[in-house]
$ cat query-v3.pdb   # PDB, C-alpha atoms
ATOM      1  CA  MET A 578      73.911  89.226 105.068  1.00  0.00           C
ATOM      2  CA  LYS A 579      72.576  90.728 108.254  1.00  0.00           C
ATOM      3  CA  LEU A 580      74.831  90.424 111.264  1.00  0.00           C
ATOM      4  CA  ASP A 581      73.067  89.860 114.550  1.00  0.00           C
ATOM      5  CA  ALA A 582      74.003  88.110 117.774  1.00  0.00           C
ATOM      6  CA  THR A 583      73.130  84.700 116.328  1.00  0.00           C
ATOM      7  CA  SER A 584      75.078  85.089 113.070  1.00  0.00           C
ATOM      8  CA  LEU A 585      78.070  86.523 114.965  1.00  0.00           C
ATOM      9  CA  GLY A 586      77.863  83.565 117.339  1.00  0.00           C
ATOM     10  CA  ASP A 587      77.918  81.220 114.363  1.00  0.00           C
ATOM     11  CA  LEU A 588      80.913  83.087 112.910  1.00  0.00           C
ATOM     12  CA  PHE A 589      82.652  82.887 116.278  1.00  0.00           C
ATOM     13  CA  GLU A 590      82.171  79.112 116.385  1.00  0.00           C
ATOM     14  CA  ALA A 591      83.320  78.626 112.795  1.00  0.00           C
ATOM     15  CA  GLU A 592      86.052  81.262 112.479  1.00  0.00           C
ATOM     16  CA  GLY A 593      87.187  81.794 116.074  1.00  0.00           C
ATOM     17  CA  PRO A 594      89.776  78.990 116.022  1.00  0.00           C
ATOM     18  CA  ARG A 595      91.219  80.207 112.698  1.00  0.00           C
ATOM     19  CA  LEU A 596      91.353  83.790 113.948  1.00  0.00           C
ATOM     20  CA  LEU A 597      93.002  82.578 117.147  1.00  0.00           C
ATOM     21  CA  ALA A 598      95.635  80.692 115.136  1.00  0.00           C
ATOM     22  CA  PHE A 599      96.176  83.729 112.876  1.00  0.00           C
ATOM     23  CA  VAL A 600      96.687  86.080 115.827  1.00  0.00           C
ATOM     24  CA  THR A 601      98.860  83.614 117.735  1.00  0.00           C
ATOM     25  CA  ARG A 602     101.088  83.284 114.677  1.00  0.00           C
ATOM     26  CA  SER A 603     101.240  87.073 114.421  1.00  0.00           C
ATOM     27  CA  THR A 604     102.071  87.689 118.073  1.00  0.00           C
ATOM     28  CA  PHE A 605     103.751  84.467 119.247  1.00  0.00           C
ATOM     29  CA  ASP A 606     101.675  85.025 122.402  1.00  0.00           C
ATOM     30  CA  ALA A 607      98.652  82.828 123.073  1.00  0.00           C
ATOM     31  CA  ASP A 608      97.423  85.047 125.938  1.00  0.00           C
ATOM     32  CA  GLN A 609      97.511  88.126 123.747  1.00  0.00           C
ATOM     33  CA  ALA A 610      95.829  86.209 120.926  1.00  0.00           C
ATOM     34  CA  LEU A 611      92.863  85.367 123.146  1.00  0.00           C
ATOM     35  CA  ASP A 612      92.554  89.034 124.110  1.00  0.00           C
ATOM     36  CA  VAL A 613      92.683  90.173 120.493  1.00  0.00           C
ATOM     37  CA  VAL A 614      90.120  87.645 119.254  1.00  0.00           C
ATOM     38  CA  GLY A 615      87.789  88.623 122.093  1.00  0.00           C
ATOM     39  CA  GLU A 616      88.184  92.266 121.088  1.00  0.00           C
ATOM     40  CA  VAL A 617      87.519  91.403 117.439  1.00  0.00           C
ATOM     41  CA  PHE A 618      84.147  89.903 118.221  1.00  0.00           C
ATOM     42  CA  ALA A 619      83.284  92.668 120.695  1.00  0.00           C
ATOM     43  CA  VAL A 620      84.030  95.277 118.018  1.00  0.00           C
ATOM     44  CA  ALA A 621      82.116  93.262 115.413  1.00  0.00           C
ATOM     45  CA  PHE A 622      79.119  93.101 117.724  1.00  0.00           C
ATOM     46  CA  GLU A 623      79.280  96.832 118.433  1.00  0.00           C
ATOM     47  CA  ARG A 624      79.572  97.674 114.737  1.00  0.00           C
ATOM     48  CA  ARG A 625      77.315  94.963 113.312  1.00  0.00           C
ATOM     49  CA  ALA A 626      74.794  97.517 112.010  1.00  0.00           C
ATOM     50  CA  LYS A 627      77.560  99.127 109.917  1.00  0.00           C
ATOM     51  CA  PHE A 628      78.453  95.878 108.123  1.00  0.00           C
ATOM     52  CA  ARG A 629      77.531  96.252 104.440  1.00  0.00           C
ATOM     53  CA  GLY A 630      78.587  92.872 103.089  1.00  0.00           C
ATOM     54  CA  ALA A 631      76.168  90.475 101.501  1.00  0.00           C
ATOM     55  CA  THR A 632      77.907  87.114 101.965  1.00  0.00           C
ATOM     56  CA  ARG A 633      79.448  85.021 104.683  1.00  0.00           C
ATOM     57  CA  GLU A 634      82.833  85.376 102.954  1.00  0.00           C
ATOM     58  CA  GLU A 635      82.544  89.157 103.172  1.00  0.00           C
ATOM     59  CA  ALA A 636      81.677  88.855 106.868  1.00  0.00           C
ATOM     60  CA  VAL A 637      84.776  86.710 107.440  1.00  0.00           C
ATOM     61  CA  ALA A 638      86.930  89.214 105.536  1.00  0.00           C
ATOM     62  CA  TRP A 639      85.434  91.987 107.692  1.00  0.00           C
ATOM     63  CA  LEU A 640      86.387  90.051 110.830  1.00  0.00           C
ATOM     64  CA  TYR A 641      89.971  89.729 109.588  1.00  0.00           C
ATOM     65  CA  TRP A 642      90.055  93.454 108.832  1.00  0.00           C
ATOM     66  CA  ILE A 643      88.906  94.164 112.398  1.00  0.00           C
ATOM     67  CA  CYS A 644      91.481  91.645 113.610  1.00  0.00           C
ATOM     68  CA  ARG A 645      94.356  93.389 111.829  1.00  0.00           C
ATOM     69  CA  THR A 646      93.213  96.733 113.217  1.00  0.00           C
ATOM     70  CA  GLN A 647      93.022  95.298 116.740  1.00  0.00           C
ATOM     71  CA  LEU A 648      96.481  93.754 116.343  1.00  0.00           C
ATOM     72  CA  ASN A 649      97.901  97.144 115.411  1.00  0.00           C
ATOM     73  CA  HIS A 650      96.268  98.710 118.470  1.00  0.00           C
ATOM     74  CA  GLN A 651      97.472  95.860 120.688  1.00  0.00           C
ATOM     75  CA  PHE A 652     101.064  96.120 119.482  1.00  0.00           C
ATOM     76  CA  ARG A 653     101.112  99.793 120.400  1.00  0.00           C
ATOM     77  CA  ARG A 654      99.384  99.306 123.752  1.00  0.00           C
ATOM     78  CA  ARG A 655     101.307  96.208 124.804  1.00  0.00           C
ATOM     79  CA  GLY A 656     104.658  97.969 124.783  1.00  0.00           C
ATOM     80  CA  ALA A 657     103.333 100.741 127.009  1.00  0.00           C
ATOM     81  CA  GLU A 658     101.466  98.251 129.213  1.00  0.00           C
ATOM     82  CA  ARG A 659     104.524  96.038 129.712  1.00  0.00           C
ATOM     83  CA  ARG A 660     106.649  99.015 130.687  1.00  0.00           C
ATOM     84  CA  ALA A 661     104.000 100.315 133.127  1.00  0.00           C
ATOM     85  CA  LEU A 662     103.464  96.907 134.746  1.00  0.00           C
ATOM     86  CA  GLY A 663     107.221  96.490 135.054  1.00  0.00           C
ATOM     87  CA  ARG A 664     107.531  99.826 136.834  1.00  0.00           C
ATOM     88  CA  LEU A 665     104.727  98.824 139.202  1.00  0.00           C
ATOM     89  CA  GLY A 666     106.088  95.309 139.725  1.00  0.00           C
ATOM     90  CA  VAL A 667     102.748  93.749 138.706  1.00  0.00           C
ATOM     91  CA  ASP A 668     102.419  90.502 136.757  1.00  0.00           C
ATOM     92  CA  ARG A 669      99.543  90.053 134.329  1.00  0.00           C
ATOM     93  CA  PRO A 670      97.375  86.966 134.681  1.00  0.00           C
ATOM     94  CA  VAL A 671      98.204  84.221 132.205  1.00  0.00           C
ATOM     95  CA  MET A 672      96.415  81.185 130.818  1.00  0.00           C
ATOM     96  CA  GLY A 673      97.258  77.712 132.031  1.00  0.00           C
ATOM     97  CA  GLU A 674     100.074  75.735 130.452  1.00  0.00           C
ATOM     98  CA  ASP A 675      97.727  73.182 128.849  1.00  0.00           C
ATOM     99  CA  GLU A 676      95.681  75.965 127.265  1.00  0.00           C
ATOM    100  CA  ARG A 677      98.781  77.723 126.039  1.00  0.00           C
ATOM    101  CA  ARG A 678     100.209  74.530 124.522  1.00  0.00           C
ATOM    102  CA  ARG A 679      96.944  73.809 122.718  1.00  0.00           C
ATOM    103  CA  VAL A 680      96.714  77.311 121.220  1.00  0.00           C
ATOM    104  CA  GLU A 681     100.375  77.244 120.205  1.00  0.00           C
ATOM    105  CA  GLU A 682      99.902  73.803 118.643  1.00  0.00           C
ATOM    106  CA  LEU A 683      96.831  75.021 116.752  1.00  0.00           C
ATOM    107  CA  ALA A 684      98.853  77.949 115.411  1.00  0.00           C
ATOM    108  CA  GLY A 685     101.901  75.829 114.543  1.00  0.00           C
ATOM    109  CA  LEU A 686     104.177  78.096 116.567  1.00  0.00           C
ATOM    110  CA  ALA A 687     107.021  75.596 116.939  1.00  0.00           C
ATOM    111  CA  GLU A 688     107.392  75.310 113.175  1.00  0.00           C
ATOM    112  CA  LEU A 689     106.915  79.043 112.707  1.00  0.00           C
ATOM    113  CA  ARG A 690     109.585  79.857 115.290  1.00  0.00           C
ATOM    114  CA  ALA A 691     112.007  77.508 113.537  1.00  0.00           C
ATOM    115  CA  VAL A 692     111.375  79.171 110.167  1.00  0.00           C
ATOM    116  CA  VAL A 693     111.714  82.676 111.620  1.00  0.00           C
ATOM    117  CA  ALA A 694     114.912  81.762 113.490  1.00  0.00           C
ATOM    118  CA  SER A 695     116.412  80.215 110.355  1.00  0.00           C
ATOM    119  CA  GLU A 696     115.442  83.167 108.161  1.00  0.00           C
ATOM    120  CA  LEU A 697     116.669  85.634 110.776  1.00  0.00           C
ATOM    121  CA  GLU A 698     120.106  84.007 110.604  1.00  0.00           C
ATOM    122  CA  ARG A 699     120.043  84.324 106.791  1.00  0.00           C
ATOM    123  CA  LEU A 700     119.474  88.092 106.946  1.00  0.00           C
ATOM    124  CA  PRO A 701     122.467  90.356 106.415  1.00  0.00           C
ATOM    125  CA  ALA A 702     124.021  91.208 109.776  1.00  0.00           C
ATOM    126  CA  ASP A 703     122.975  94.879 109.630  1.00  0.00           C
ATOM    127  CA  GLN A 704     119.313  93.981 109.020  1.00  0.00           C
ATOM    128  CA  ARG A 705     119.357  91.208 111.627  1.00  0.00           C
ATOM    129  CA  GLU A 706     120.708  93.592 114.286  1.00  0.00           C
ATOM    130  CA  ALA A 707     118.217  96.325 113.345  1.00  0.00           C
ATOM    131  CA  VAL A 708     115.286  93.887 113.546  1.00  0.00           C
ATOM    132  CA  ARG A 709     116.535  92.552 116.897  1.00  0.00           C
ATOM    133  CA  LEU A 710     116.867  96.031 118.384  1.00  0.00           C
ATOM    134  CA  ARG A 711     113.466  97.161 117.080  1.00  0.00           C
ATOM    135  CA  VAL A 712     111.388  94.026 117.687  1.00  0.00           C
ATOM    136  CA  VAL A 713     113.053  92.223 120.581  1.00  0.00           C
ATOM    137  CA  ASP A 714     114.508  95.181 122.487  1.00  0.00           C
ATOM    138  CA  GLU A 715     111.568  97.428 121.448  1.00  0.00           C
ATOM    139  CA  LEU A 716     113.803 100.415 120.748  1.00  0.00           C
ATOM    140  CA  GLY A 717     112.395 103.432 118.969  1.00  0.00           C
ATOM    141  CA  TYR A 718     113.968 104.302 115.631  1.00  0.00           C
ATOM    142  CA  ASP A 719     115.800 107.265 117.134  1.00  0.00           C
ATOM    143  CA  GLU A 720     117.516 105.121 119.780  1.00  0.00           C
ATOM    144  CA  LEU A 721     118.095 102.294 117.308  1.00  0.00           C
ATOM    145  CA  ALA A 722     119.777 104.712 114.893  1.00  0.00           C
ATOM    146  CA  ASP A 723     121.950 106.146 117.683  1.00  0.00           C
ATOM    147  CA  ARG A 724     122.972 102.705 118.858  1.00  0.00           C
ATOM    148  CA  LEU A 725     123.968 101.628 115.333  1.00  0.00           C
ATOM    149  CA  GLY A 726     125.478 104.977 114.368  1.00  0.00           C
ATOM    150  CA  ILE A 727     123.170 105.412 111.366  1.00  0.00           C
ATOM    151  CA  THR A 728     120.363 107.769 110.366  1.00  0.00           C
ATOM    152  CA  GLN A 729     116.766 107.081 111.373  1.00  0.00           C
ATOM    153  CA  GLN A 730     115.883 106.665 107.707  1.00  0.00           C
ATOM    154  CA  THR A 731     118.558 103.982 107.321  1.00  0.00           C
ATOM    155  CA  ALA A 732     117.378 102.309 110.526  1.00  0.00           C
ATOM    156  CA  ARG A 733     113.794 102.226 109.229  1.00  0.00           C
ATOM    157  CA  ALA A 734     114.969 100.829 105.904  1.00  0.00           C
ATOM    158  CA  ARG A 735     116.982  98.039 107.543  1.00  0.00           C
ATOM    159  CA  VAL A 736     114.128  97.037 109.817  1.00  0.00           C
ATOM    160  CA  SER A 737     111.657  97.194 106.950  1.00  0.00           C
ATOM    161  CA  ARG A 738     113.813  95.051 104.661  1.00  0.00           C
ATOM    162  CA  GLY A 739     114.487  92.536 107.403  1.00  0.00           C
ATOM    163  CA  LEU A 740     110.840  92.226 108.405  1.00  0.00           C
ATOM    164  CA  ARG A 741     109.775  91.983 104.763  1.00  0.00           C
ATOM    165  CA  ALA A 742     112.196  89.078 104.238  1.00  0.00           C
ATOM    166  CA  LEU A 743     110.929  87.343 107.364  1.00  0.00           C
ATOM    167  CA  GLY A 744     107.342  87.945 106.275  1.00  0.00           C
ATOM    168  CA  GLU A 745     108.020  86.405 102.858  1.00  0.00           C
ATOM    169  CA  ALA A 746     109.496  83.306 104.494  1.00  0.00           C
ATOM    170  CA  VAL A 747     106.440  82.926 106.708  1.00  0.00           C
ATOM    171  CA  LYS A 748     104.117  83.515 103.748  1.00  0.00           C
ATOM    172  CA  VAL A 749     105.853  80.730 101.800  1.00  0.00           C
ATOM    173  CA  MET A 750     105.487  78.424 104.804  1.00  0.00           C
ATOM    174  CA  GLU A 751     101.756  79.161 104.978  1.00  0.00           C
ATOM    175  CA  GLU A 752     101.305  78.505 101.234  1.00  0.00           C
ATOM    176  CA  VAL A 753     102.966  75.089 101.229  1.00  0.00           C
ATOM    177  CA  PRO A 754     100.388  72.390 102.028  1.00  0.00           C
ATOM    178  CA  ASP A 755     101.251  70.453 105.168  1.00  0.00           C
ATOM    179  CA  ALA A 756     104.333  72.610 105.748  1.00  0.00           C
ATOM    180  CA  ARG A 757     103.579  72.217 109.406  1.00  0.00           C
TER     181      ARG A 757
END

$ encode --input "query-v3.pdb" --output "structure tokens"
Amino acid sequence: MKLDATSLGDLFEAEGPRLLAFVTRSTFDADQALDVVGEVFAVAFERRAKFRGATREEAVAWLYWICRTQLNHQFRRRGAERRALGRLGVDRPVMGEDERRRVEELAGLAELRAVVASELERLPADQREAVRLRVVDELGYDELADRLGITQQTARARVSRGLRALGEAVKVMEEVPDAR
């Protein structure tokens, strides 16, 4: 399959909403999801000549690979960006409430939040606190370890185990038909 502007446009129309839902579920942030999906298609357009797949399914898988890469970049950048904007006292522009509600509805965020909250409460207290400090408070592992009085290796293990358990719960939710 040759990727050109037309075929990428077709993929955007067909897969854009699913990618948007995927990213929104990954970030819990509809604004960020729109940014990431836009980046995915920009990167796909820039690299279209490098695509070696032969089928539409391979093109979709390639888009998801780009999406995961962009999510990783976004997660790293967003923390730094939020801190910088906070220091400057600048607010970032946001989408309207109707748009946000629609994207969150498409992604099933209300149900996902309920599952994550429930599973978070089921985690052992040490894992729950480690995940909270790492994900919510955005502490580095060194500071997290200091705060909990444990080694960095133990801190990483607790966060990893906690996130793995949460990820499994979300995966089960996604596998059950009409779980939303």

$ residues_around --input "query-v3.pdb" --residues "region 675-677 of chain A" --least-positions-apart "5" --cutoff "9 Å" --atoms "only C-alpha atoms" --output "ChimeraX atom specification"
/A:606-608,682

$ closest_residue --input "query-v3.pdb" --among "A:Val693, A:Ala636, A:Val680, A:Ala631" --to "Leu611 (chain A)" --atoms "all atoms listed in the file"
A:Val680

$ closest_residue --input "query-v3.pdb" --among "A:Glu715, A:Val692, A:Glu720, A:Glu745" --to "Arg660 (chain A)" --atoms "all atoms listed in the file"
A:Glu715

$ residues_around --input "query-v3.pdb" --residues "region 621-625 of chain A" --least-positions-apart "6" --cutoff "8 Å" --atoms "only C-alpha atoms" --output "count of residues only"
6

$ atom_distance --input "query-v3.pdb" --atom1 "CA of Val736 (chain A)" --atom2 "CA of Thr604 (chain A)"
17.3 Å

$ closest_residue --input "query-v3.pdb" --among "A:Ala694, A:Val614, A:Val708, A:Leu662" --to "Pro594 (chain A)" --atoms "only C-alpha atoms"
A:Val614

$ residues_near_point --input "query-v3.pdb" --point "(114.7, 106.6, 114.1)" --cutoff "8 Å" --atoms "all atoms listed in the file" --output "VMD selection string"
chain A and resid 717 to 722 728 to 730 732 to 733

$ closest_residue --input "query-v3.pdb" --among "A:Gly744, A:Gly615, A:Gly630, A:Gly673" --to "Met578 (chain A)" --atoms "all atoms listed in the file"
A:Gly630

$ resolve_selection --input "query-v3.pdb" --expression "the PyMOL selection byres ((chain A and resi 647) around 12)" --output "ChimeraX atom specification"
/A:596,600,603-604,609-621,640-646,648-655

$ closest_residue --input "query-v3.pdb" --among "A:Leu588, A:Val667, A:Ala657, A:Leu743" --to "Glu634 (chain A)" --atoms "all atoms listed in the file"
A:Leu588

$ decode --input "query-v3.pdb" --residues "region 697-708 of chain A" --atoms "N, CA and C atoms" --output "PDB file, in the first residue's frame"
ATOM      1  N   LEU A 697      -7.581   1.213  41.942  1.00  0.00           N
ATOM      2  CA  LEU A 697      -6.581   1.911  42.741  1.00  0.00           C
ATOM      3  C   LEU A 697      -6.816   1.632  44.221  1.00  0.00           C
ATOM      4  N   GLU A 698      -8.071   1.633  44.638  1.00  0.00           N
ATOM      5  CA  GLU A 698      -8.398   1.349  46.038  1.00  0.00           C
ATOM      6  C   GLU A 698      -8.074  -0.100  46.417  1.00  0.00           C
ATOM      7  N   ARG A 699      -8.090  -0.997  45.430  1.00  0.00           N
ATOM      8  CA  ARG A 699      -7.810  -2.417  45.699  1.00  0.00           C
ATOM      9  C   ARG A 699      -6.314  -2.708  45.794  1.00  0.00           C
ATOM     10  N   LEU A 700      -5.484  -1.766  45.319  1.00  0.00           N
ATOM     11  CA  LEU A 700      -4.034  -1.970  45.395  1.00  0.00           C
ATOM     12  C   LEU A 700      -3.577  -1.981  46.844  1.00  0.00           C
ATOM     13  N   PRO A 701      -2.512  -2.707  47.142  1.00  0.00           N
ATOM     14  CA  PRO A 701      -1.924  -2.596  48.481  1.00  0.00           C
ATOM     15  C   PRO A 701      -1.543  -1.133  48.744  1.00  0.00           C
ATOM     16  N   ALA A 702      -1.629  -0.734  49.981  1.00  0.00           N
ATOM     17  CA  ALA A 702      -1.408   0.673  50.346  1.00  0.00           C
ATOM     18  C   ALA A 702      -0.055   1.196  49.861  1.00  0.00           C
ATOM     19  N   ASP A 703       1.000   0.373  49.951  1.00  0.00           N
ATOM     20  CA  ASP A 703       2.321   0.855  49.537  1.00  0.00           C
ATOM     21  C   ASP A 703       2.378   1.119  48.036  1.00  0.00           C
ATOM     22  N   GLN A 704       1.729   0.270  47.238  1.00  0.00           N
ATOM     23  CA  GLN A 704       1.693   0.492  45.787  1.00  0.00           C
ATOM     24  C   GLN A 704       0.815   1.697  45.437  1.00  0.00           C
ATOM     25  N   ARG A 705      -0.333   1.791  46.105  1.00  0.00           N
ATOM     26  CA  ARG A 705      -1.255   2.900  45.851  1.00  0.00           C
ATOM     27  C   ARG A 705      -0.562   4.243  46.113  1.00  0.00           C
ATOM     28  N   GLU A 706       0.159   4.336  47.224  1.00  0.00           N
ATOM     29  CA  GLU A 706       0.849   5.587  47.562  1.00  0.00           C
ATOM     30  C   GLU A 706       1.969   5.873  46.571  1.00  0.00           C
ATOM     31  N   ALA A 707       2.701   4.853  46.157  1.00  0.00           N
ATOM     32  CA  ALA A 707       3.788   5.036  45.191  1.00  0.00           C
ATOM     33  C   ALA A 707       3.244   5.507  43.852  1.00  0.00           C
ATOM     34  N   VAL A 708       2.145   4.903  43.401  1.00  0.00           N
ATOM     35  CA  VAL A 708       1.525   5.319  42.130  1.00  0.00           C
ATOM     36  C   VAL A 708       1.035   6.760  42.252  1.00  0.00           C
TER      37      VAL A 708
END
